[in-house]
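Raw input39.cif, mmCIF, C-alpha atoms and all ligand atoms:
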```cif
data_entry
loop_
_atom_site.label_atom_id
_atom_site.label_comp_id
_atom_site.auth_asym_id
_atom_site.auth_seq_id
_atom_site.Cartn_x
_atom_site.Cartn_y
_atom_site.Cartn_z
CA MET A 35 117.71 123.39 82.99
CA SER A 36 116.93 126.96 82.40
CA TYR A 37 116.03 126.72 78.74
CA THR A 38 113.72 123.79 79.24
CA THR A 39 112.08 125.51 82.17
CA ALA A 40 111.31 128.60 80.14
CA ALA A 41 110.14 126.47 77.29
CA ALA A 42 108.13 124.23 79.53
CA THR A 43 106.31 127.19 81.00
CA SER A 44 105.30 128.39 77.58
CA ARG A 45 104.63 124.92 76.21
CA HIS A 46 102.72 123.31 79.02
CA SER A 47 101.00 125.87 81.15
CA ASN A 48 99.36 129.20 81.29
CA LYS A 49 101.13 130.22 84.48
CA ILE A 50 101.86 133.92 84.34
CA PRO A 51 104.74 135.41 86.37
CA PRO A 52 103.71 137.86 89.11
CA ARG A 53 103.11 141.27 87.59
CA ASN A 54 105.53 143.12 89.86
CA SER A 55 108.45 140.92 88.94
CA ILE A 56 108.18 141.79 85.26
CA LYS A 57 107.12 145.38 85.67
CA CYS A 58 110.56 146.97 85.45
CA TRP A 59 111.46 144.86 82.40
CA ASN A 60 108.38 145.96 80.59
CA ASN A 61 108.54 149.59 81.57
CA GLN A 62 112.17 150.45 81.31
CA ILE A 63 113.71 148.24 78.66
CA HIS A 64 113.07 148.51 74.96
CA PRO A 65 111.87 145.17 73.49
CA GLN A 66 114.93 144.93 71.27
CA GLU A 67 117.25 145.49 74.23
CA LYS A 68 115.32 142.85 76.14
CA GLN A 69 115.91 140.38 73.31
CA THR A 70 119.64 141.16 73.30
CA ILE A 71 119.83 140.65 77.05
CA MET A 72 117.95 137.35 76.83
CA SER A 73 120.24 136.09 74.04
CA PHE A 74 123.25 137.16 76.08
CA LYS A 75 121.95 135.33 79.16
CA ARG A 76 121.29 132.19 77.11
CA THR A 77 124.78 132.27 75.62
CA LEU A 78 126.38 132.93 78.99
CA TYR A 79 124.57 129.97 80.51
CA ALA A 80 125.56 127.73 77.60
CA ILE A 81 129.21 128.67 78.07
CA ALA A 82 128.90 128.15 81.83
CA THR A 83 127.72 124.56 81.22
CA PHE A 84 131.29 123.73 80.14
CA ILE A 85 132.16 124.07 83.85
CA PRO A 86 131.52 120.65 85.40
CA GLY A 87 128.36 120.52 87.53
CA VAL A 88 126.85 123.80 86.32
CA SER A 89 124.02 122.33 84.25
CA ARG A 90 123.06 120.10 87.21
CA LEU A 91 123.07 123.06 89.60
CA ARG A 92 120.86 125.09 87.32
CA ALA A 93 118.42 122.25 86.63
CA LYS A 94 115.00 123.45 87.74
CA GLY A 95 112.56 121.01 86.20
CA THR A 96 111.68 119.56 82.87
CA GLY A 97 108.10 120.44 82.13
CA GLY A 98 104.72 119.40 83.40
CA THR A 99 105.07 116.06 85.17
CA ASP A 100 105.46 117.71 88.57
CA SER A 101 101.66 118.15 88.37
CA ALA A 102 99.28 115.20 88.83
CA ARG A 103 96.61 116.94 86.75
CA TYR A 104 99.06 117.34 83.87
CA CYS A 105 100.03 113.64 84.04
CA TYR A 106 96.37 112.60 84.20
CA SER A 107 95.53 114.82 81.26
CA VAL A 108 98.42 113.61 79.10
CA TRP A 109 97.81 109.90 79.75
CA LEU A 110 94.09 110.14 79.02
CA ARG A 111 94.75 112.16 75.85
CA HIS A 112 97.03 109.41 74.51
CA LEU A 113 94.38 106.83 75.40
CA VAL A 114 91.52 108.76 73.79
CA MET A 115 93.60 109.24 70.65
CA ALA A 116 94.39 105.50 70.64
CA ARG A 117 90.68 104.77 70.55
CA LYS A 118 90.23 107.24 67.72
CA SER A 119 93.01 105.52 65.75
CA GLY A 120 91.55 102.07 66.40
CA LEU A 121 94.43 101.02 68.69
CA ASN A 122 94.46 98.99 71.90
CA THR A 123 93.09 101.11 74.76
CA ALA A 124 93.95 98.49 77.39
CA PRO A 125 97.70 98.01 76.95
CA LYS A 126 99.23 95.75 79.60
CA VAL A 127 102.90 96.68 79.23
CA VAL A 128 103.78 100.31 78.54
CA ALA A 129 107.10 102.10 78.13
CA GLU A 130 107.73 105.83 78.29
CA LEU A 131 110.63 107.87 77.02
CA GLY A 132 111.63 110.95 79.01
CA PRO A 133 109.13 111.03 81.90
CA GLY A 134 110.91 114.07 83.37
CA ASP A 135 110.19 115.44 86.86
CA SER A 136 108.06 112.48 87.90
CA ILE A 137 106.88 109.17 86.47
CA GLY A 138 103.30 110.44 86.87
CA ILE A 139 102.12 109.73 83.31
CA GLY A 140 103.18 106.11 83.75
CA LEU A 141 101.54 105.99 87.17
CA ALA A 142 98.31 107.12 85.52
CA ALA A 143 98.78 104.26 83.04
CA LEU A 144 99.27 101.77 85.88
CA ILE A 145 96.29 103.06 87.88
CA SER A 146 94.07 102.77 84.81
CA GLY A 147 94.87 99.09 84.41
CA CYS A 148 98.35 98.57 82.92
CA ALA A 149 100.33 95.81 84.58
CA GLU A 150 103.91 96.91 83.94
CA TYR A 151 105.63 100.21 83.22
CA TYR A 152 109.12 101.06 81.95
CA ALA A 153 110.37 104.63 82.28
CA LEU A 154 113.53 105.54 80.37
CA ASP A 155 115.15 108.92 80.80
CA ILE A 156 118.55 110.34 80.02
CA VAL A 157 118.77 112.19 83.35
CA GLU A 158 117.36 111.03 86.69
CA HIS A 159 114.89 113.89 87.28
CA ALA A 160 112.18 111.98 89.16
CA ASP A 161 112.31 111.18 92.88
CA VAL A 162 110.32 108.87 95.11
CA ARG A 163 108.73 111.56 97.31
CA ARG A 164 107.28 113.47 94.35
CA ASN A 165 106.17 110.23 92.67
CA VAL A 166 104.22 109.17 95.77
CA LYS A 167 102.53 112.55 96.11
CA ILE A 168 101.50 112.55 92.46
CA PHE A 169 100.34 108.94 92.72
CA ASP A 170 97.93 109.76 95.57
CA GLU A 171 96.50 112.70 93.65
CA LEU A 172 96.11 110.56 90.54
CA VAL A 173 94.23 107.83 92.41
CA ALA A 174 91.78 110.49 93.62
CA LEU A 175 91.32 111.85 90.08
CA PHE A 176 90.52 108.40 88.69
CA ALA A 177 88.26 107.53 91.63
CA LYS A 178 86.23 110.68 90.95
CA GLU A 179 86.23 110.03 87.20
CA SER A 180 87.39 113.63 86.84
CA PRO A 181 87.14 115.23 83.41
CA ILE A 182 90.37 115.47 81.42
CA PRO A 183 92.06 118.80 82.23
CA GLY A 184 91.66 120.66 78.96
CA GLU A 185 92.65 123.75 77.08
CA ASP A 186 91.58 126.21 79.76
CA GLU A 187 94.08 124.64 82.17
CA TRP A 188 96.77 123.39 79.77
CA PRO A 189 96.33 125.46 76.61
CA LYS A 190 99.59 124.38 75.02
CA VAL A 191 99.44 120.66 75.74
CA ARG A 192 98.97 118.41 72.74
CA PRO A 193 97.14 116.49 71.45
CA LYS A 194 94.00 118.59 71.72
CA LEU A 195 90.77 116.65 72.07
CA THR A 196 87.28 117.46 70.91
CA ASP A 197 85.77 116.15 74.15
CA TYR A 198 87.37 116.42 77.59
CA ARG A 199 84.78 114.44 79.52
CA PHE A 200 86.07 111.41 81.44
CA PRO A 201 86.39 108.64 78.80
CA SER A 202 83.98 106.20 80.46
CA ASP A 203 83.64 104.21 77.25
CA ILE A 204 87.34 103.26 77.63
CA LEU A 205 87.49 103.21 81.43
CA ASP A 206 84.06 101.80 82.18
CA LYS A 207 82.79 101.03 85.70
CA ASP A 208 84.04 97.41 85.64
CA ARG A 209 87.51 98.29 84.44
CA LEU A 210 87.78 101.11 86.99
CA ARG A 211 86.56 98.95 89.85
CA LEU A 212 89.19 96.29 89.11
CA ALA A 213 91.86 98.90 88.49
CA LEU A 214 91.24 100.71 91.77
CA GLU A 215 91.12 97.62 93.98
CA PRO A 216 93.00 98.48 97.19
CA ARG A 217 95.40 95.52 96.79
CA ARG A 218 96.35 96.66 93.28
CA ILE A 219 96.80 100.27 94.33
CA ASP A 220 98.92 99.15 97.26
CA ARG A 221 101.13 97.08 94.96
CA ILE A 222 101.76 100.08 92.70
CA ARG A 223 102.52 102.23 95.74
CA ARG A 224 105.03 99.64 97.03
CA SER A 225 106.60 99.56 93.56
CA ILE A 226 107.11 103.32 93.66
CA LEU A 227 108.79 103.05 97.04
CA ASN A 228 110.97 100.07 96.00
CA TYR A 229 111.14 100.33 92.23
CA ARG A 230 114.35 98.30 92.17
CA SER A 231 112.82 95.30 93.92
CA PRO A 232 112.23 92.24 91.67
CA ASP A 233 108.43 92.30 92.13
CA SER A 234 108.10 95.99 91.27
CA VAL A 235 105.73 96.76 88.39
CA ILE A 236 107.87 99.83 87.64
CA SER A 237 111.28 99.91 86.03
CA TYR A 238 112.93 103.35 85.99
CA GLN A 239 116.18 103.58 84.03
CA ALA A 240 118.04 106.89 83.97
CA PRO A 241 120.21 107.16 82.08
CA TRP A 242 119.36 104.48 79.56
CA HIS A 243 121.59 103.78 76.56
CA GLU A 244 121.10 100.29 75.19
CA ALA A 245 117.97 98.70 73.74
CA ASP A 246 118.56 95.45 75.62
CA ILE A 247 117.22 96.88 78.89
CA ILE A 248 113.71 95.90 77.68
CA LYS A 249 112.97 92.44 76.31
CA GLN A 250 112.30 92.31 72.56
CA GLY A 251 108.65 92.05 71.54
CA SER A 252 107.37 92.57 75.07
CA VAL A 253 105.70 96.01 75.03
CA ASP A 254 102.14 96.93 73.98
CA MET A 255 102.50 100.70 73.85
CA ILE A 256 105.43 103.14 73.85
CA TYR A 257 104.68 106.80 74.37
CA SER A 258 106.40 110.11 75.04
CA GLN A 259 105.38 113.69 75.62
CA ALA A 260 107.64 116.49 74.39
CA VAL A 261 110.71 114.23 74.33
CA LEU A 262 111.62 113.14 70.80
CA GLU A 263 112.69 116.67 69.86
CA HIS A 264 115.41 116.27 72.51
CA VAL A 265 116.75 112.84 71.62
CA ASP A 266 120.26 112.96 70.12
CA ASP A 267 120.28 109.57 68.43
CA LEU A 268 116.81 109.35 66.90
CA ARG A 269 117.59 106.48 64.56
CA LYS A 270 118.81 104.26 67.41
CA THR A 271 115.82 105.24 69.54
CA TYR A 272 113.24 104.43 66.86
CA HIS A 273 115.03 101.15 66.23
CA ALA A 274 114.87 100.33 69.95
CA MET A 275 111.15 101.11 70.01
CA TYR A 276 110.56 98.80 67.09
CA GLU A 277 112.44 96.02 68.86
CA TRP A 278 110.56 96.45 72.15
CA LEU A 279 107.06 96.41 70.67
CA ASN A 280 105.16 93.20 70.16
CA GLN A 281 103.52 92.65 66.76
CA SER A 282 100.28 94.40 67.72
CA GLY A 283 102.03 97.13 69.71
CA TYR A 284 102.06 100.80 68.86
CA ILE A 285 103.84 104.08 69.49
CA SER A 286 102.19 107.33 70.58
CA HIS A 287 104.28 110.50 70.66
CA THR A 288 103.79 114.24 70.99
CA ILE A 289 106.72 116.09 69.38
CA ASP A 290 107.31 119.80 69.79
CA PHE A 291 109.36 121.30 66.95
CA LYS A 292 109.50 124.81 68.40
CA CYS A 293 112.69 126.58 69.44
CA HIS A 294 112.27 125.98 73.22
CA GLY A 295 113.28 129.50 74.14
CA THR A 296 116.47 129.54 72.03
CA ALA A 297 115.16 132.20 69.63
CA ASP A 298 112.54 134.90 69.43
CA GLU A 299 110.52 133.24 66.67
CA TRP A 300 109.09 129.75 67.22
CA ASN A 301 111.20 128.41 64.33
CA GLY A 302 114.19 130.74 64.78
CA HIS A 303 116.38 127.80 65.91
CA TRP A 304 116.64 126.72 62.25
CA ARG A 305 118.55 129.93 61.50
CA TYR A 306 121.59 129.13 63.68
CA SER A 307 124.68 127.59 62.06
CA GLY A 308 125.97 124.29 63.43
CA PHE A 309 128.83 126.13 65.11
CA VAL A 310 126.61 128.61 66.97
CA TRP A 311 124.25 125.78 67.87
CA ALA A 312 127.09 123.76 69.42
CA ILE A 313 128.02 126.75 71.58
CA MET A 314 124.40 127.24 72.57
CA ARG A 315 124.14 123.63 73.67
CA GLY A 316 127.30 123.81 75.74
CA LYS A 317 127.70 120.67 77.83
CA ARG A 318 124.02 120.10 78.56
CA ALA A 319 123.00 116.46 78.86
CA TYR A 320 120.30 117.11 76.28
CA PHE A 321 119.11 120.00 74.15
CA ILE A 322 116.86 120.06 71.11
CA ASN A 323 117.88 118.14 68.02
CA ARG A 324 116.27 120.62 65.55
CA GLU A 325 114.93 117.73 63.43
CA PRO A 326 111.72 118.63 61.57
CA LEU A 327 108.67 116.40 61.14
CA SER A 328 109.90 114.85 57.88
CA THR A 329 112.98 113.41 59.62
CA HIS A 330 110.76 111.58 62.11
CA LEU A 331 108.38 110.35 59.42
CA GLY A 332 111.29 109.16 57.24
CA MET A 333 112.93 107.25 60.10
CA LEU A 334 109.66 105.69 61.22
CA GLN A 335 108.96 104.48 57.73
CA GLN A 336 112.51 103.16 57.26
CA GLN A 337 112.23 101.33 60.55
CA GLY A 338 109.03 99.60 59.44
CA PHE A 339 106.30 101.61 61.16
CA THR A 340 103.03 102.59 59.54
CA ILE A 341 101.73 105.95 60.68
CA VAL A 342 98.06 105.81 61.68
CA CYS A 343 97.76 109.34 63.11
CA ASN A 344 99.72 112.51 62.42
CA THR A 345 97.93 115.53 63.89
CA ARG A 346 100.03 118.61 63.12
CA THR A 347 99.78 122.10 64.51
CA ILE A 348 100.43 124.60 61.75
CA SER A 349 102.06 127.89 62.75
CA GLU A 350 102.93 130.79 60.53
CA SER A 351 106.61 131.12 59.58
CA ARG A 352 108.14 134.58 59.47
CA TYR A 353 111.04 133.13 57.52
CA SER A 354 111.26 131.66 54.07
CA SER A 355 113.54 128.64 53.72
CA ASP A 356 116.35 130.71 52.12
CA GLN A 357 116.57 132.72 55.36
CA LEU A 358 117.47 129.61 57.35
CA ALA A 359 120.94 128.21 58.08
CA PRO A 360 122.35 126.25 55.08
CA LYS A 361 121.54 122.87 56.70
CA PHE A 362 117.84 123.78 56.82
CA ARG A 363 117.38 125.57 53.51
CA THR A 364 115.94 122.44 51.95
CA LEU A 365 113.16 122.19 54.56
CA SER A 366 109.86 121.49 52.88
CA GLY A 367 107.01 123.98 53.12
CA ASP A 368 105.22 121.56 55.46
CA ASP A 369 108.19 121.27 57.80
CA LEU A 370 108.66 125.03 57.92
CA VAL A 371 105.17 125.57 59.35
CA THR A 372 104.76 122.44 61.51
CA SER A 373 105.30 123.53 65.11
CA ASP A 374 104.27 120.26 66.76
CA THR A 375 102.64 116.96 66.00
CA PHE A 376 100.98 114.01 67.66
CA ILE A 377 101.94 110.75 65.99
CA GLN A 378 100.78 107.20 66.42
CA GLY A 379 102.21 104.27 64.50
CA VAL A 380 102.08 100.49 64.32
CA LYS A 381 104.49 97.88 63.06
CA SER A 382 103.91 97.63 59.33
CA VAL A 383 101.44 95.00 58.25
CA THR A 384 103.87 93.62 55.63
CA ASP A 385 106.45 93.17 58.36
CA ALA A 386 104.03 91.30 60.60
CA ALA A 387 103.07 88.86 57.84
C1 LIG A 401 110.81 118.68 77.97
S1 LIG A 401 111.12 117.32 79.01
C2 LIG A 401 109.54 116.50 78.97
C3 LIG A 401 109.27 115.77 80.24
C4 LIG A 401 107.87 115.11 80.33
N1 LIG A 401 107.68 114.12 79.30
C5 LIG A 401 106.75 116.13 80.28
O1 LIG A 401 105.81 115.95 79.51
O2 LIG A 401 106.81 117.09 81.06
C6 LIG A 401 112.16 116.28 78.01
C7 LIG A 401 112.56 115.00 78.69
O3 LIG A 401 113.26 114.19 77.72
C8 LIG A 401 114.33 113.55 78.37
N2 LIG A 401 115.27 113.05 77.36
C9 LIG A 401 116.15 113.73 76.59
N3 LIG A 401 116.83 112.89 75.79
C10 LIG A 401 116.34 111.63 76.04
C11 LIG A 401 116.62 110.33 75.54
N4 LIG A 401 117.56 110.12 74.60
N5 LIG A 401 115.93 109.29 76.05
C12 LIG A 401 114.99 109.47 77.00
N6 LIG A 401 114.67 110.67 77.51
C13 LIG A 401 115.35 111.74 77.04
C14 LIG A 401 114.84 114.61 79.31
O4 LIG A 401 115.70 114.13 80.31
C15 LIG A 401 113.52 115.15 79.87
O5 LIG A 401 113.08 114.35 80.92
#
```

Could the structure of this file be written out as C-alpha cells, please?
Amino acid sequence: MSYTTAAATSRHSNKIPPRNSIKCWNNQIHPQEKQTIMSFKRTLYAIATFIPGVSRLRAKGTGGTDSARYCYSVWLRHLVMARKSGLNTAPKVVAELGPGDSIGIGLAALISGCAEYYALDIVEHADVRRNVKIFDELVALFAKESPIPGEDEWPKVRPKLTDYRFPSDILDKDRLRLALEPRRIDRIRRSILNYRSPDSVISYQAPWHEADIIKQGSVDMIYSQAVLEHVDDLRKTYHAMYEWLNQSGYISHTIDFKCHGTADEWNGHWRYSGFVWAIMRGKRAYFINREPLSTHLGMLQQQGFTIVCNTRTISESRYSSDQLAPKFRTLSGDDLVTSDTFIQGVKSVTDAA
C-alpha cells in the first residue's frame, strides 16, 4: 500500500531515493506546493481504493520484513529486551501479529530455538519463495553469530539497544549448536514449503479474525513490530493475546504512533476530523487507528496485564492539544509527545494466583 510503503521507508530504513529522481521536485516546486500535491495524491489514492481491487494492485510492501537482516535485528532486539526485563529468553511457542512481507522474524525465532510459530496477519503479504530466501540468509547470520544490525543500518527501528554485539549470553554455544542442527533446520525449511501440513512448526493465518485459531494458554511469547497502531479492534486483539498466553507468558510489542505519511508533522494525523479520516482510509484493508499510548496502556491493564517495560521515544509536538481534532483534544501531554514505544507485559500476578 502506498502509504505504508512511504511510511515504512521512513520508519525502518535509511534508504535514500536516487538523487536524479527527486531533483526536479526539489528544484522546481516550492515546498508548500509539494505538500499540496502530496496531500492531493494521498486523497486521490484513498478515493481510488473504493474501486474494488485498487488497494491490492497498489500494494507494494509493508515494511522491513523483506530483508533478512531486518528480521534478524528485530527478533534479537525483542530477545535482548526480554532478558533486560527478566523475561523468558527461550520461549518454545511464539506468536506474531502482522509479520508483513515475510515471516522472517518468526523464522529467526525458530532458528534460535523456538519449537512452534504462529503468524497472524490481516492480509496475506508473505509468500513461500521470499520466506525461503530469507530463511537461508538468517541461518547464515546465526551461524556466523553476526552482530545485531544497529542504528547505522536501521536508524528508525525500535527498540534501540545499548549493545549490538551478538547476544552470546542468551544464545550460547550449546544452544546455538542444538538450534542449528541440520535435521532441525531441515524441518523448519520443510515447514516453510508446506506450512499447511499437520507436522509443520509454522502456522500462517491471513486473514485471522477469531481468537480460537490458537489454543488457550498455549503460547510463551507474543510479539509484533509496527503493527498495533494498525489494528482496528484493539480490545479484541489484546483479549485474544491474553487468552493465548500461558501463565508465565509475555507480550513484546513495538508500536509506532506517528502519522505514517498521512500528514506533514509526525503527529498531524490527530488533527483530522473523523469524516476526513474516513475518506483518507478509503477501502484499505488496514490503516492506522490513531490510538495514543494511553489507550494501549489502559486496555492492557483492563485485560489483566502488568507492564514490565515501556520505553518511549519522545518527539517534539508542534501542536498544542487545542489545535487537534475534537476527539483528540483531551490527549495528555505524554501522549502528545510519544511517537513510539516498546512495551513488554506479563499476565498480572494477582490473576495468576
Ligand atoms: C507496517 S506493517 C509491519 C510489518 C512487519 N511487522 C514489519 O516489521 O515490517 C503492518 C502489518 O500489520 C498487519 N495488520 C494490520 N492489522 C492487523 C490485524 N488486525 N492483525 C494482524 N495484523 C494486522 C498488516 O497486514 C501488515 O502486515

query: Counting all atoms listed in the file, which of A:Gln281, A:Ser136, A:Ser237, A:Thr375 gets nearest to ligand LIG 401 (chain A)?
result: A:Ser136

message: Just the number, please: distance in Å from CA of Pro201 (chain A) to CA of Val114 (chain A), one decimal.
response: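 According to the coordinates, CA of Pro201 (chain A) and CA of Val114 (chain A) are separated by 7.2 Å.
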
- prompt: Would you name the residues within 7 Å of ligand LIG 401 (chain A), counting all atoms listed in the file, and put them as a PyMOL selection string?
  reply: chain A and resi 38+42+96-99+131-135+154-157+159+242+258-261+264-267+320

How would the residues just chosen look if you wrote them out with C-alpha atoms as a tab-separated table (two decimals), in the frame of the given file?
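Contents of the output file again08.tsv:
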```
chain	number	residue	atom	x	y	z
A	38	THR	CA	113.72	123.79	79.24
A	42	ALA	CA	108.13	124.23	79.53
A	96	THR	CA	111.68	119.56	82.87
A	97	GLY	CA	108.10	120.44	82.13
A	98	GLY	CA	104.72	119.40	83.40
A	99	THR	CA	105.07	116.06	85.17
A	131	LEU	CA	110.63	107.87	77.02
A	132	GLY	CA	111.63	110.95	79.01
A	133	PRO	CA	109.13	111.03	81.90
A	134	GLY	CA	110.91	114.07	83.37
A	135	ASP	CA	110.19	115.44	86.86
A	154	LEU	CA	113.53	105.54	80.37
A	155	ASP	CA	115.15	108.92	80.80
A	156	ILE	CA	118.55	110.34	80.02
A	157	VAL	CA	118.77	112.19	83.35
A	159	HIS	CA	114.89	113.89	87.28
A	242	TRP	CA	119.36	104.48	79.56
A	258	SER	CA	106.40	110.11	75.04
A	259	GLN	CA	105.38	113.69	75.62
A	260	ALA	CA	107.64	116.49	74.39
A	261	VAL	CA	110.71	114.23	74.33
A	264	HIS	CA	115.41	116.27	72.51
A	265	VAL	CA	116.75	112.84	71.62
A	266	ASP	CA	120.26	112.96	70.12
A	267	ASP	CA	120.28	109.57	68.43
A	320	TYR	CA	120.30	117.11	76.28
```

task: Have a look at CA of Leu195 (chain A) and CA of Gly138 (chain A) and let me know their distance in Å, one decimal.
output: 20.4 Å

field: Between CA of Arg223 (chain A) and CA of Leu262 (chain A), distance in Å (one decimal)
entry: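 Result for CA of Arg223 (chain A) versus CA of Leu262 (chain A): 28.7 Å, one decimal.
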
field: Top pick for closest residue to Arg324 (chain A), considering A:Ala359, A:Leu227, A:Ile285, A:Ile377 and counting all atoms listed in the file
entry: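 Between A:Ala359, A:Leu227, A:Ile285, A:Ile377, the residue approaching Arg324 (chain A) most closely is A:Ala359.
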
task: Extract, using only C-alpha atoms, all DNA, RNA and protein residues at most 6 Å from Gly251 (chain A), discarding same-chain residues fewer than 4 positions from it, and format them as a count of residues only.
output: 3

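Among the candidates A:Leu110, A:Ala142, A:Ala129, A:Leu365, the one nearest to Ser252 (chain A) when counting all atoms listed in the file is A:Ala129.
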
field: Closest of A:Cys343, A:Ala174, A:Val371, A:Val162 to Ser119 (chain A) - atom-to-atom distances counting only C-alpha atoms
entry: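 Distance minimum relative to Ser119 (chain A) lands on A:Cys343.
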
message: Here is a test: counting all atoms listed in the file, which residue of A:Glu150, A:Glu350, A:Asp290, A:Asp203 is nearest to Asp233 (chain A)?
response: A:Glu150

query: Out of A:Phe200, A:Tyr238, A:Phe291, A:Trp304, which residue has the shortest atom-to-atom distance to Pro360 (chain A) when counting only C-alpha atoms?
result: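 Looking only at the distances to Pro360 (chain A), the closest residue turns out to be A:Trp304.
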
field: Long-range neighbours of Tyr306 (chain A) as a ChimeraX atom specification, 8 Å cut-off, all atoms listed in the file, 4 positions minimum in chain
entry: /A:302,310-311,358-359

Distance query Asp368 (chain A) at most 10 Å, all atoms listed in the file, self and fewer than 4 positions along chain excluded, as a VMD selection string: chain A and resid 326 to 328 346 348 372 to 373

Write out N, CA and C atoms for region 107-126 of chain A, as an mmCIF file, in the frame of the given file.
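Result written to selection.cif:
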```cif
data_model
loop_
_atom_site.group_PDB
_atom_site.id
_atom_site.type_symbol
_atom_site.label_atom_id
_atom_site.label_comp_id
_atom_site.auth_asym_id
_atom_site.auth_seq_id
_atom_site.Cartn_x
_atom_site.Cartn_y
_atom_site.Cartn_z
ATOM 1 N N SER A 107 96.008 114.299 82.533
ATOM 2 C CA SER A 107 95.530 114.820 81.260
ATOM 3 C C SER A 107 96.302 114.194 80.089
ATOM 4 N N VAL A 108 97.612 114.129 80.211
ATOM 5 C CA VAL A 108 98.420 113.610 79.100
ATOM 6 C C VAL A 108 98.111 112.129 78.860
ATOM 7 N N TRP A 109 98.060 111.334 79.941
ATOM 8 C CA TRP A 109 97.810 109.900 79.750
ATOM 9 C C TRP A 109 96.448 109.683 79.069
ATOM 10 N N LEU A 110 95.423 110.372 79.579
ATOM 11 C CA LEU A 110 94.090 110.140 79.020
ATOM 12 C C LEU A 110 93.998 110.647 77.578
ATOM 13 N N ARG A 111 94.752 111.694 77.256
ATOM 14 C CA ARG A 111 94.750 112.160 75.850
ATOM 15 C C ARG A 111 95.341 111.091 74.928
ATOM 16 N N HIS A 112 96.447 110.471 75.348
ATOM 17 C CA HIS A 112 97.030 109.410 74.510
ATOM 18 C C HIS A 112 96.036 108.254 74.344
ATOM 19 N N LEU A 113 95.333 107.945 75.433
ATOM 20 C CA LEU A 113 94.380 106.830 75.400
ATOM 21 C C LEU A 113 93.181 107.144 74.484
ATOM 22 N N VAL A 114 92.661 108.363 74.621
ATOM 23 C CA VAL A 114 91.520 108.760 73.790
ATOM 24 C C VAL A 114 91.926 108.758 72.309
ATOM 25 N N MET A 115 93.127 109.224 72.037
ATOM 26 C CA MET A 115 93.600 109.240 70.650
ATOM 27 C C MET A 115 93.809 107.808 70.135
ATOM 28 N N ALA A 116 94.212 106.902 71.041
ATOM 29 C CA ALA A 116 94.390 105.500 70.640
ATOM 30 C C ALA A 116 93.046 104.919 70.183
ATOM 31 N N ARG A 117 92.005 105.253 70.947
ATOM 32 C CA ARG A 117 90.680 104.770 70.550
ATOM 33 C C ARG A 117 90.306 105.317 69.178
ATOM 34 N N LYS A 118 90.581 106.614 68.990
ATOM 35 C CA LYS A 118 90.230 107.240 67.720
ATOM 36 C C LYS A 118 90.986 106.591 66.545
ATOM 37 N N SER A 119 92.211 106.149 66.811
ATOM 38 C CA SER A 119 93.010 105.520 65.750
ATOM 39 C C SER A 119 92.762 104.026 65.640
ATOM 40 N N GLY A 120 91.848 103.510 66.453
ATOM 41 C CA GLY A 120 91.550 102.070 66.400
ATOM 42 C C GLY A 120 92.628 101.218 67.053
ATOM 43 N N LEU A 121 93.344 101.765 68.027
ATOM 44 C CA LEU A 121 94.430 101.020 68.690
ATOM 45 C C LEU A 121 93.959 100.497 70.043
ATOM 46 N N ASN A 122 94.781 99.635 70.623
ATOM 47 C CA ASN A 122 94.460 98.990 71.900
ATOM 48 C C ASN A 122 94.389 100.027 73.034
ATOM 49 N N THR A 123 93.220 100.144 73.671
ATOM 50 C CA THR A 123 93.090 101.110 74.760
ATOM 51 C C THR A 123 93.265 100.444 76.133
ATOM 52 N N ALA A 124 93.677 99.164 76.109
ATOM 53 C CA ALA A 124 93.950 98.490 77.390
ATOM 54 C C ALA A 124 95.325 97.821 77.325
ATOM 55 N N PRO A 125 96.365 98.618 77.043
ATOM 56 C CA PRO A 125 97.700 98.010 76.950
ATOM 57 C C PRO A 125 98.126 97.476 78.319
ATOM 58 N N LYS A 126 98.808 96.343 78.318
ATOM 59 C CA LYS A 126 99.230 95.750 79.600
ATOM 60 C C LYS A 126 100.642 96.243 79.962
#
```
